[in-house]
$ cat entry.txt   # compact mmCIF, C-alpha atoms
# COMPACT_ATOMS: atom_id res chain seq x y z
CA MET A 1 9.24 -24.91 -41.93
CA THR A 2 8.10 -21.56 -40.57
CA ARG A 3 7.37 -18.87 -43.13
CA LEU A 4 9.75 -15.91 -43.29
CA VAL A 5 8.55 -12.39 -44.01
CA LEU A 6 11.02 -9.62 -44.78
CA ALA A 7 9.62 -6.34 -43.47
CA SER A 8 11.57 -4.20 -45.93
CA ALA A 9 11.24 -2.99 -49.49
CA SER A 10 15.02 -2.62 -49.79
CA PRO A 11 16.41 -4.55 -52.76
CA ARG A 12 19.82 -4.49 -51.04
CA ARG A 13 18.49 -6.35 -48.00
CA LEU A 14 16.82 -8.95 -50.19
CA ALA A 15 20.04 -9.44 -52.18
CA LEU A 16 22.08 -9.77 -48.98
CA LEU A 17 19.74 -12.42 -47.62
CA THR A 18 19.97 -14.31 -50.91
CA GLN A 19 23.76 -14.16 -50.61
CA ILE A 20 23.57 -16.31 -47.45
CA GLY A 21 20.96 -18.68 -48.88
CA VAL A 22 17.90 -17.16 -47.20
CA THR A 23 14.85 -16.52 -49.36
CA PRO A 24 11.88 -14.85 -47.69
CA ASP A 25 8.46 -16.31 -48.44
CA GLU A 26 7.06 -12.80 -48.64
CA VAL A 27 8.25 -9.20 -48.64
CA ILE A 28 6.01 -6.66 -46.90
CA ALA A 29 7.29 -3.12 -46.51
CA ALA A 30 6.56 -1.83 -43.02
CA ASP A 31 5.04 1.64 -43.11
CA ILE A 32 6.14 3.49 -39.98
CA ASP A 33 7.13 7.03 -39.04
CA GLU A 34 10.95 7.13 -39.09
CA THR A 35 11.30 10.55 -37.48
CA PRO A 36 13.91 10.55 -34.70
CA LEU A 37 12.57 11.26 -31.23
CA PRO A 38 13.93 14.23 -29.25
CA LYS A 39 17.35 13.41 -27.74
CA GLU A 40 17.32 9.93 -29.35
CA THR A 41 20.82 8.72 -30.21
CA PRO A 42 21.56 7.16 -33.63
CA ARG A 43 21.98 3.76 -31.91
CA GLN A 44 18.60 4.03 -30.20
CA LEU A 45 16.96 5.20 -33.42
CA ALA A 46 18.22 2.25 -35.50
CA LEU A 47 17.06 -0.29 -32.93
CA ARG A 48 13.69 1.37 -32.30
CA LEU A 49 12.89 1.57 -36.02
CA ALA A 50 13.83 -2.08 -36.60
CA ARG A 51 11.65 -3.12 -33.67
CA ARG A 52 8.71 -0.99 -34.86
CA LYS A 53 8.98 -2.42 -38.39
CA ALA A 54 8.94 -5.99 -37.06
CA GLU A 55 5.88 -5.20 -34.94
CA ALA A 56 4.06 -3.34 -37.74
CA VAL A 57 3.90 -6.22 -40.22
CA ASP A 58 0.76 -8.35 -39.95
CA ALA A 59 2.06 -11.91 -40.32
CA ALA A 60 1.11 -13.80 -37.17
CA ASP A 61 2.06 -17.19 -38.63
CA ALA A 62 5.56 -16.18 -39.70
CA VAL A 63 8.98 -15.15 -38.54
CA VAL A 64 9.28 -11.44 -39.39
CA LEU A 65 12.69 -9.94 -40.12
CA ALA A 66 13.09 -6.16 -40.02
CA ALA A 67 16.08 -3.82 -40.10
CA ASP A 68 16.91 -0.15 -40.20
CA THR A 69 20.23 1.45 -41.04
CA VAL A 70 21.32 4.84 -39.71
CA VAL A 71 24.42 6.75 -40.81
CA ALA A 72 25.71 9.19 -38.21
CA VAL A 73 28.48 11.66 -37.60
CA GLY A 74 28.62 11.95 -33.84
CA ARG A 75 25.01 12.27 -32.69
CA ARG A 76 23.92 13.76 -36.00
CA VAL A 77 21.79 11.35 -38.04
CA LEU A 78 22.25 11.81 -41.78
CA PRO A 79 19.12 11.52 -43.93
CA LYS A 80 18.29 9.09 -46.68
CA ALA A 81 19.22 11.55 -49.39
CA GLU A 82 16.23 12.43 -51.54
CA THR A 83 17.55 15.60 -53.14
CA GLU A 84 20.86 16.56 -54.69
CA ALA A 85 21.28 19.23 -52.00
CA GLN A 86 20.85 16.64 -49.24
CA ALA A 87 23.34 14.28 -50.90
CA ARG A 88 25.91 17.06 -51.28
CA GLU A 89 25.51 18.08 -47.64
CA CYS A 90 25.94 14.47 -46.47
CA LEU A 91 29.01 13.84 -48.62
CA ARG A 92 30.65 17.13 -47.58
CA LEU A 93 30.11 16.15 -43.95
CA LEU A 94 31.58 12.66 -44.53
CA SER A 95 34.52 13.88 -46.61
CA GLY A 96 37.87 13.35 -44.90
CA ARG A 97 36.47 11.93 -41.69
CA SER A 98 35.08 8.86 -39.99
CA HIS A 99 31.43 8.12 -39.39
CA ARG A 100 29.40 5.27 -37.96
CA VAL A 101 26.79 3.06 -39.55
CA TYR A 102 24.28 1.49 -37.18
CA THR A 103 21.84 -1.21 -38.20
CA GLY A 104 19.15 -2.44 -35.87
CA VAL A 105 17.90 -5.93 -36.72
CA ALA A 106 14.72 -7.31 -35.17
CA VAL A 107 13.14 -10.72 -35.57
CA ARG A 108 9.60 -11.44 -34.35
CA THR A 109 8.65 -15.06 -33.88
CA PRO A 110 5.17 -16.45 -34.66
CA ARG A 111 4.53 -16.42 -30.89
CA GLY A 112 5.31 -12.71 -30.73
CA ALA A 113 8.72 -12.91 -29.06
CA LEU A 114 11.08 -10.22 -30.26
CA ARG A 115 14.82 -10.70 -30.63
CA GLU A 116 17.05 -7.84 -31.67
CA ARG A 117 20.64 -6.81 -32.27
CA LEU A 118 22.41 -3.55 -32.96
CA VAL A 119 25.51 -3.60 -35.16
CA GLU A 120 27.94 -0.69 -35.41
CA THR A 121 30.54 -0.22 -38.14
CA ARG A 122 33.05 2.61 -38.42
CA VAL A 123 33.77 3.92 -41.91
CA ALA A 124 36.48 6.42 -42.87
CA PHE A 125 36.15 8.46 -46.06
CA LYS A 126 38.94 10.11 -48.00
CA LEU A 127 38.87 13.86 -48.53
CA LEU A 128 36.65 14.31 -51.59
CA SER A 129 37.66 16.72 -54.33
CA PRO A 130 34.98 18.94 -55.86
CA GLN A 131 35.28 16.87 -59.06
CA GLU A 132 34.74 13.59 -57.20
CA LEU A 133 31.74 15.03 -55.41
CA ASP A 134 30.22 16.34 -58.65
CA ALA A 135 30.79 13.04 -60.46
CA TYR A 136 29.19 11.03 -57.67
CA ILE A 137 26.20 13.36 -57.51
CA ALA A 138 25.82 13.09 -61.31
CA SER A 139 25.72 9.27 -61.02
CA GLY A 140 22.44 9.41 -59.08
CA GLU A 141 23.57 6.44 -56.99
CA TRP A 142 23.02 8.43 -53.77
CA GLN A 143 19.23 8.61 -54.19
CA GLY A 144 17.40 7.12 -51.24
CA LYS A 145 20.63 6.00 -49.55
CA ALA A 146 21.28 6.65 -45.88
CA GLY A 147 24.10 9.18 -45.67
CA GLY A 148 23.87 9.81 -49.43
CA TYR A 149 26.12 6.96 -50.58
CA ALA A 150 26.19 3.28 -51.51
CA VAL A 151 29.38 1.54 -50.32
CA GLN A 152 28.73 -1.37 -52.69
CA GLY A 153 28.80 0.94 -55.70
CA LEU A 154 30.79 3.89 -56.96
CA ALA A 155 31.32 5.27 -53.45
CA ALA A 156 33.58 2.30 -52.65
CA ARG A 157 36.45 4.35 -54.01
CA PHE A 158 35.95 6.92 -51.22
CA VAL A 159 36.35 4.40 -48.38
CA VAL A 160 39.73 4.48 -46.65
CA SER A 161 38.80 1.87 -44.05
CA ILE A 162 35.95 -0.10 -42.55
CA ILE A 163 36.11 -1.37 -39.00
CA GLY A 164 33.33 -3.86 -38.49
CA SER A 165 30.77 -5.49 -40.75
CA TYR A 166 30.84 -4.57 -44.45
CA SER A 167 27.35 -6.03 -44.99
CA ASN A 168 26.13 -3.76 -42.19
CA VAL A 169 27.19 -0.73 -44.23
CA VAL A 170 25.30 -2.13 -47.25
CA GLY A 171 22.21 -2.44 -45.06
CA LEU A 172 22.03 -5.80 -43.25
CA PRO A 173 24.68 -7.34 -40.98
CA LEU A 174 24.62 -10.92 -42.23
CA TYR A 175 26.31 -12.72 -39.34
CA GLU A 176 23.96 -11.27 -36.73
CA THR A 177 20.92 -11.67 -38.98
CA ALA A 178 21.67 -15.34 -39.65
CA ASN A 179 22.05 -15.98 -35.91
CA LEU A 180 18.78 -14.20 -35.08
CA LEU A 181 16.91 -16.15 -37.76
CA GLU A 182 18.36 -19.44 -36.57
CA SER A 183 17.36 -18.76 -32.98
CA ALA A 184 13.84 -17.68 -34.04
CA ARG A 185 13.21 -20.91 -35.95
CA THR A 186 14.26 -23.24 -33.15

$ encode --input "entry.txt" --output "structure tokens"
Amino acid sequence: MTRLVLASASPRRLALLTQIGVTPDEVIAADIDETPLPKETPRQLALRLARRKAEAVDAADAVVLAADTVVAVGRRVLPKAETEAQARECLRLLSGRSHRVYTGVAVRTPRGALRERLVETRVAFKLLSPQELDAYIASGEWQGKAGGYAVQGLAARFVVSIIGSYSNVVGLPLYETANLLESART
């Protein structure tokens, strides 16, 4: 059986893989520059970063799985919120409107072939009251999350609808990932 390396330090991605019975042999966080390029769309960004992560990990004897999730309102890419101010700005922008979550998934085979998919999910948020916003910020759950929220946590109560893959919004579209892994191992 070919070794599997997950090119991500995300505990959510590891948990999602475990959910479908996939256990990586090794986890190696890919260290790349995630700065968007000029005029790069959110879709292009997610796919490029996944590809770059898969290429950056040194594991020639393994299948390498990499992903990157981007939350966007129109062409505006929301950051992985690191400060309370960033989280507040993201949540105010998402409040009462729809946004898109893009995840690029890339799988590199031991022979160097690269297979990739882009998954898009539309998420609609309710209009957030100042109290709801303050309570969510106080929870700290937003820290390091793309768009400043975690759909699998407290922010689930803000979601009016999801059109597309729920696991994509968490950080790894499982259907597409399973298919890419299966094709890479055959």

$ atom_distance --input "entry.txt" --atom1 "atom CA of Leu180 of chain A" --atom2 "atom CA of Arg75 of chain A"
27.3 Å

$ atom_distance --input "entry.txt" --atom1 "atom CA of Gly148 of chain A" --atom2 "atom CA of Ala85 of chain A"
10.1 Å

$ closest_residue --input "entry.txt" --among "A:Arg88, A:Tyr136, A:Arg115, A:Leu128" --to "Ser183 of chain A" --atoms "only C-alpha atoms"
A:Arg115

$ residues_near_point --input "entry.txt" --point "(20.0, -7.0, -47.2)" --cutoff "8 Å" --atoms "only C-alpha atoms" --output "list in words"
Ser10, Pro11, Arg12, Arg13, Leu14, Ala15, Leu16, Leu17, Ser167, Val170, Gly171, Leu172, Pro173 and Leu174 of chain A

$ residues_around --input "entry.txt" --residues "Arg76 of chain A" --least-positions-apart "2" --cutoff "12 Å" --atoms "only C-alpha atoms" --output "list in words"
Pro36, Lys39, Glu40, Thr41, Pro42, Arg43, Leu45, Val70, Val71, Ala72, Val73, Gly74, Leu78, Pro79, Cys90, Leu93, Leu94, His99, Arg100, Val101 and Gly147 of chain A

$ residues_around --input "entry.txt" --residues "Thr109 of chain A" --least-positions-apart "6" --cutoff "8 Å" --atoms "all atoms listed in the file" --output "NGL selection string"
:A and (62-64 or 184-185)

$ atom_distance --input "entry.txt" --atom1 "atom CA of Ala7 of chain A" --atom2 "atom CA of Ala54 of chain A"
6.5 Å

$ closest_residue --input "entry.txt" --among "A:Ala155, A:Ile32, A:Leu4, A:Ala81" --to "Val169 of chain A" --atoms "all atoms listed in the file"
A:Ala155

$ residues_around --input "entry.txt" --residues "Ala66 of chain A" --least-positions-apart "4" --cutoff "7 Å" --atoms "all atoms listed in the file" --output "list in words"
Leu6, Ala7, Ser8, Ala50, Lys53, Ala54, Val105, Ala106 and Val107 of chain A

$ closest_residue --input "entry.txt" --among "A:Leu114, A:Val77, A:Ala87, A:Ala9" --to "Leu181 of chain A" --atoms "all atoms listed in the file"
A:Leu114

$ closest_residue --input "entry.txt" --among "A:Thr2, A:Thr83, A:Gln19, A:Ser165" --to "Glu120 of chain A" --atoms "all atoms listed in the file"
A:Ser165

$ closest_residue --input "entry.txt" --among "A:Ala29, A:Ile162, A:Leu47, A:Ile20" --to "Val119 of chain A" --atoms "only C-alpha atoms"
A:Leu47

$ closest_residue --input "entry.txt" --among "A:Ala146, A:Gly112, A:Ser98, A:Leu91" --to "Pro130 of chain A" --atoms "only C-alpha atoms"
A:Leu91

$ axis_aligned_box --input "entry.txt" --around "segment 24-35 of chain A" --padding-each-side "3 Å" --output "JSON"
{"center_x": 8.5, "center_y": -2.9, "center_z": -43.1, "size_x": 12.8, "size_y": 32.9, "size_z": 17.2}

$ decode --input "entry.txt" --residues "segment 74-172 of chain A" --atoms "C-alpha atoms" --output "CSV table (one decimal), in the first residue's frame"
chain,number,residue,atom,x,y,z
A,74,GLY,CA,-17.7,38.3,-4.5
A,75,ARG,CA,-14.0,38.6,-5.5
A,76,ARG,CA,-13.0,39.7,-2.0
A,77,VAL,CA,-11.0,37.0,-0.2
A,78,LEU,CA,-11.6,37.0,3.5
A,79,PRO,CA,-8.6,36.4,5.8
A,80,LYS,CA,-8.0,33.6,8.2
A,81,ALA,CA,-8.9,35.8,11.2
A,82,GLU,CA,-6.0,36.3,13.5
A,83,THR,CA,-7.2,39.3,15.4
A,84,GLU,CA,-10.5,40.2,16.9
A,85,ALA,CA,-10.8,43.2,14.6
A,86,GLN,CA,-10.3,40.9,11.5
A,87,ALA,CA,-13.0,38.5,12.8
A,88,ARG,CA,-15.4,41.3,13.5
A,89,GLU,CA,-14.9,42.7,10.0
A,90,CYS,CA,-15.4,39.3,8.4
A,91,LEU,CA,-18.6,38.6,10.3
A,92,ARG,CA,-20.0,42.0,9.6
A,93,LEU,CA,-19.4,41.4,5.9
A,94,LEU,CA,-21.0,37.9,6.1
A,95,SER,CA,-24.0,39.0,8.2
A,96,GLY,CA,-27.3,38.8,6.3
A,97,ARG,CA,-25.8,37.7,3.0
A,98,SER,CA,-24.5,34.8,1.0
A,99,HIS,CA,-20.8,34.0,0.5
A,100,ARG,CA,-18.9,31.2,-1.2
A,101,VAL,CA,-16.4,28.8,0.2
A,102,TYR,CA,-13.9,27.4,-2.2
A,103,THR,CA,-11.6,24.5,-1.5
A,104,GLY,CA,-8.8,23.4,-3.8
A,105,VAL,CA,-7.8,19.8,-3.3
A,106,ALA,CA,-4.6,18.5,-4.9
A,107,VAL,CA,-3.1,15.0,-4.9
A,108,ARG,CA,0.4,14.2,-6.0
A,109,THR,CA,1.3,10.6,-6.9
A,110,PRO,CA,4.6,9.0,-6.1
A,111,ARG,CA,5.4,9.5,-9.9
A,112,GLY,CA,4.8,13.2,-9.6
A,113,ALA,CA,1.4,13.3,-11.4
A,114,LEU,CA,-0.9,16.0,-10.0
A,115,ARG,CA,-4.6,15.6,-9.8
A,116,GLU,CA,-6.8,18.4,-8.5
A,117,ARG,CA,-10.4,19.5,-7.9
A,118,LEU,CA,-12.0,22.7,-6.9
A,119,VAL,CA,-15.2,22.6,-4.9
A,120,GLU,CA,-17.5,25.5,-4.4
A,121,THR,CA,-20.2,25.8,-1.7
A,122,ARG,CA,-22.6,28.7,-1.2
A,123,VAL,CA,-23.4,29.6,2.4
A,124,ALA,CA,-26.1,32.1,3.6
A,125,PHE,CA,-25.8,33.8,7.0
A,126,LYS,CA,-28.6,35.3,9.0
A,127,LEU,CA,-28.4,39.0,9.9
A,128,LEU,CA,-26.3,39.0,13.1
A,129,SER,CA,-27.3,41.1,16.1
A,130,PRO,CA,-24.6,43.1,17.9
A,131,GLN,CA,-25.1,40.7,20.9
A,132,GLU,CA,-24.6,37.6,18.7
A,133,LEU,CA,-21.5,39.1,17.1
A,134,ASP,CA,-20.0,40.0,20.6
A,135,ALA,CA,-20.8,36.5,22.0
A,136,TYR,CA,-19.2,34.8,19.0
A,137,ILE,CA,-16.1,37.0,19.2
A,138,ALA,CA,-15.9,36.3,23.0
A,139,SER,CA,-15.9,32.5,22.3
A,140,GLY,CA,-12.5,32.7,20.5
A,141,GLU,CA,-13.7,30.1,18.0
A,142,TRP,CA,-13.0,32.4,15.1
A,143,GLN,CA,-9.2,32.3,15.6
A,144,GLY,CA,-7.3,31.1,12.6
A,145,LYS,CA,-10.5,30.3,10.7
A,146,ALA,CA,-11.0,31.4,7.1
A,147,GLY,CA,-13.7,34.0,7.1
A,148,GLY,CA,-13.6,34.2,10.9
A,149,TYR,CA,-16.0,31.4,11.6
A,150,ALA,CA,-16.2,27.6,12.1
A,151,VAL,CA,-19.4,26.2,10.6
A,152,GLN,CA,-19.0,23.0,12.7
A,153,GLY,CA,-19.1,24.9,15.9
A,154,LEU,CA,-21.0,27.8,17.5
A,155,ALA,CA,-21.4,29.6,14.1
A,156,ALA,CA,-23.7,26.8,12.9
A,157,ARG,CA,-26.5,28.8,14.4
A,158,PHE,CA,-25.8,31.7,11.9
A,159,VAL,CA,-26.2,29.5,8.8
A,160,VAL,CA,-29.5,29.9,7.0
A,161,SER,CA,-28.6,27.6,4.2
A,162,ILE,CA,-25.8,25.7,2.5
A,163,ILE,CA,-25.9,24.8,-1.1
A,164,GLY,CA,-23.1,22.3,-1.8
A,165,SER,CA,-20.7,20.3,0.3
A,166,TYR,CA,-20.9,20.8,4.1
A,167,SER,CA,-17.5,19.2,4.6
A,168,ASN,CA,-16.1,21.7,2.1
A,169,VAL,CA,-17.1,24.5,4.4
A,170,VAL,CA,-15.4,22.7,7.3
A,171,GLY,CA,-12.2,22.5,5.2
A,172,LEU,CA,-12.1,19.4,3.0
